[in-house]
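Take a look at the structure set out below.
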Amino acid sequence: MGEAVARTVRALRAGHGWSLDELAGRSGVSKGVLVGLEQGRGNPNLGTLIRISDALGVPLTRLVQVEEEPPVRVFRPERHVVLWEGANGGTGTLLAGSDPRPSLELWRWELRPGEVRESDAHVPGTKEIVYVEAGTLTLWVDGRTDLLDAGTAAVFVGDRPHSYGNAAADDLRFVLAVLDL
């Protein structure tokens with residue numbers, strides 16, 4: 001169980017972008033105990049684990065899960081989820097995603113002529129990558145407009161207001177990856 005706790009605490013701390021000093025300050029657990037814990041040494045008591053889980057914002061059970069995340073998680077088509085439907089029949093389908101933070105999501109989008117998908121700004125540091133498979137994507141990011149033709153890719157900040165649109169007469173298909181730091 002020590003290795004599972006070590007792996008989980010390291011991953012959660014890194015996901016928050018915290019140093020060992022910061023986690024020590026937030027949890028009230030000494031840096032030395034945290035170093036030992038993250039190296040799989042020592043035997044932290046229940047009180048220590050509770051203080052760490054509270055600081056990380058996760059239930060205690062999350063720290064002591066012994067199962068290791070599999071090296072490959074498969075998302076078969078029946079697990080894909082349509083999370084957006086446009087007025088003209090377009091769709092935004094979540095194909096796969098990782099958790100906890102930093103998280104990565106993979107989407108397939110189909111926008112019919114005239115459809116627009118507006119997105120609020122995501123958490124600070126979020127990045128997005130889009131690849132246009134067919135049609136022309138009108139991409140608006142923080143007041144800037146770019147037209148992306150089929151075969152074009154772009155990387156942009158997702159922590160500002162942004163939208164995806166199809167102003168053309170043909171259907172638009174694109175793939176989108178969202179990295180939520």
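Residue numbering restarts at 1 for every chain of the structure tokens, chains are lettered A, B, ... in their displayed order, and ligands are numbered from 1 as they appear.
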**Message:** Can you tell me which residues surround Ala167 (chain A) at a distance of at most 7 Å, considering only C-alpha atoms, apart from same-chain residues fewer than 3 positions away, and format the answer as a list in words?
**Reply:** Pro113, Gly114 and Thr138 of chain A
**Message:** Residues of region 28-171 of chain A classed as alpha helix (DSSP H) by DSSP on the backbone are to be reported as number ranges by chain.
**Reply:** A: 31-38, 46-56, 60-63
Which residues are near Thr93 (chain A)? Cut-off 9 Å, only C-alpha atoms, ignore same chain within fewer than 3 positions. Put them as a compact mmCIF listing (two decimals) with N, CA, C and O atoms, in the first residue's frame.
```txt
# COMPACT_ATOMS: atom_id res chain seq x y z
N HIS A 80 -18.30 6.47 -26.05
CA HIS A 80 -18.24 7.85 -26.52
C HIS A 80 -19.55 8.53 -26.17
O HIS A 80 -20.62 7.94 -26.27
N VAL A 81 -19.46 9.79 -25.76
CA VAL A 81 -20.64 10.51 -25.27
C VAL A 81 -20.83 11.80 -26.05
O VAL A 81 -19.92 12.64 -26.10
N VAL A 82 -22.01 11.96 -26.64
CA VAL A 82 -22.35 13.22 -27.30
C VAL A 82 -22.76 14.20 -26.21
O VAL A 82 -23.74 14.00 -25.51
N LEU A 83 -21.96 15.27 -26.05
CA LEU A 83 -22.22 16.25 -24.99
C LEU A 83 -22.72 17.59 -25.52
O LEU A 83 -23.04 18.48 -24.75
N TRP A 84 -22.76 17.73 -26.86
CA TRP A 84 -23.29 18.95 -27.45
C TRP A 84 -24.02 18.57 -28.72
O TRP A 84 -23.54 17.75 -29.51
N LEU A 106 -10.18 14.15 -25.53
CA LEU A 106 -10.16 14.05 -26.99
C LEU A 106 -11.61 14.09 -27.47
O LEU A 106 -12.44 13.32 -27.02
N TRP A 107 -11.89 15.02 -28.40
CA TRP A 107 -13.24 15.27 -28.90
C TRP A 107 -13.28 15.12 -30.42
O TRP A 107 -12.31 15.42 -31.11
N ARG A 108 -14.46 14.73 -30.92
CA ARG A 108 -14.75 14.79 -32.36
C ARG A 108 -15.95 15.72 -32.51
O ARG A 108 -16.97 15.55 -31.84
N TRP A 109 -15.80 16.71 -33.37
CA TRP A 109 -16.86 17.70 -33.58
C TRP A 109 -17.33 17.65 -35.02
O TRP A 109 -16.52 17.51 -35.94
N GLU A 110 -18.64 17.79 -35.19
CA GLU A 110 -19.25 17.95 -36.50
C GLU A 110 -20.19 19.13 -36.40
O GLU A 110 -21.13 19.11 -35.60
```
Residue neighbourhood Gly40 (chain A), 10 Å, only C-alpha atoms, exclusion window fewer than 3 positions, as a short mmCIF file (atom, residue, chain, number, x, y, z; two decimals) with all heavy atoms, in the first residue's frame:
```cif
data_model
loop_
_atom_site.label_atom_id
_atom_site.label_comp_id
_atom_site.auth_asym_id
_atom_site.auth_seq_id
_atom_site.Cartn_x
_atom_site.Cartn_y
_atom_site.Cartn_z
N MET A 1 0.81 -1.19 0.00
CA MET A 1 0.00 0.00 0.00
C MET A 1 0.86 1.26 0.00
O MET A 1 0.45 2.28 -0.53
CB MET A 1 -0.93 0.02 1.21
CG MET A 1 -1.75 1.27 1.22
SD MET A 1 -3.15 1.46 2.31
CE MET A 1 -2.89 0.47 3.68
N GLY A 2 2.07 1.18 0.56
CA GLY A 2 2.96 2.35 0.60
C GLY A 2 3.26 2.91 -0.77
O GLY A 2 3.28 4.13 -0.96
N GLU A 3 3.49 2.02 -1.75
CA GLU A 3 3.77 2.48 -3.11
C GLU A 3 2.55 3.14 -3.73
O GLU A 3 2.66 4.13 -4.44
CB GLU A 3 4.24 1.32 -3.99
CG GLU A 3 5.72 1.04 -3.87
CD GLU A 3 6.58 2.25 -4.22
OE1 GLU A 3 6.33 2.92 -5.25
OE2 GLU A 3 7.51 2.54 -3.44
N ALA A 4 1.36 2.58 -3.46
CA ALA A 4 0.13 3.17 -4.00
C ALA A 4 -0.07 4.57 -3.43
O ALA A 4 -0.40 5.51 -4.16
CB ALA A 4 -1.06 2.27 -3.69
N VAL A 5 0.12 4.73 -2.13
CA VAL A 5 -0.03 6.05 -1.50
C VAL A 5 1.03 7.01 -2.07
O VAL A 5 0.71 8.15 -2.42
CB VAL A 5 0.09 5.95 0.04
CG1 VAL A 5 0.16 7.34 0.67
CG2 VAL A 5 -1.09 5.17 0.61
N ALA A 6 2.25 6.54 -2.20
CA ALA A 6 3.33 7.39 -2.74
C ALA A 6 2.99 7.88 -4.14
O ALA A 6 3.09 9.07 -4.44
CB ALA A 6 4.65 6.61 -2.75
N ARG A 7 2.57 6.96 -4.99
CA ARG A 7 2.25 7.29 -6.38
C ARG A 7 1.08 8.28 -6.43
O ARG A 7 1.10 9.26 -7.17
CB ARG A 7 1.91 5.99 -7.11
CG ARG A 7 1.77 6.09 -8.58
CD ARG A 7 1.59 4.73 -9.26
NE ARG A 7 0.69 3.80 -8.58
CZ ARG A 7 1.08 2.73 -7.88
NH1 ARG A 7 2.36 2.45 -7.76
NH2 ARG A 7 0.19 1.95 -7.31
N LEU A 34 6.55 13.99 4.24
CA LEU A 34 6.05 13.94 2.86
C LEU A 34 7.07 13.33 1.91
O LEU A 34 6.71 12.54 1.03
CB LEU A 34 5.64 15.34 2.38
CG LEU A 34 4.39 15.92 3.05
CD1 LEU A 34 4.21 17.37 2.64
CD2 LEU A 34 3.17 15.10 2.71
N VAL A 35 8.34 13.70 2.07
CA VAL A 35 9.39 13.12 1.21
C VAL A 35 9.43 11.61 1.40
O VAL A 35 9.43 10.85 0.43
CB VAL A 35 10.77 13.75 1.53
CG1 VAL A 35 11.89 12.95 0.88
CG2 VAL A 35 10.82 15.21 1.07
N GLY A 36 9.42 11.16 2.65
CA GLY A 36 9.42 9.71 2.91
C GLY A 36 8.20 9.03 2.33
O GLY A 36 8.29 7.96 1.74
N LEU A 37 7.05 9.66 2.50
CA LEU A 37 5.81 9.10 1.98
C LEU A 37 5.86 8.98 0.47
O LEU A 37 5.51 7.95 -0.10
CB LEU A 37 4.64 9.98 2.41
CG LEU A 37 3.26 9.44 2.09
CD1 LEU A 37 2.34 9.65 3.27
CD2 LEU A 37 2.71 10.14 0.88
N ASN A 43 5.58 4.67 7.42
CA ASN A 43 4.24 4.15 7.63
C ASN A 43 3.39 5.25 8.24
O ASN A 43 3.23 5.31 9.45
CB ASN A 43 4.32 2.92 8.55
CG ASN A 43 2.99 2.21 8.63
OD1 ASN A 43 2.11 2.44 7.83
ND2 ASN A 43 2.86 1.36 9.64
#
```
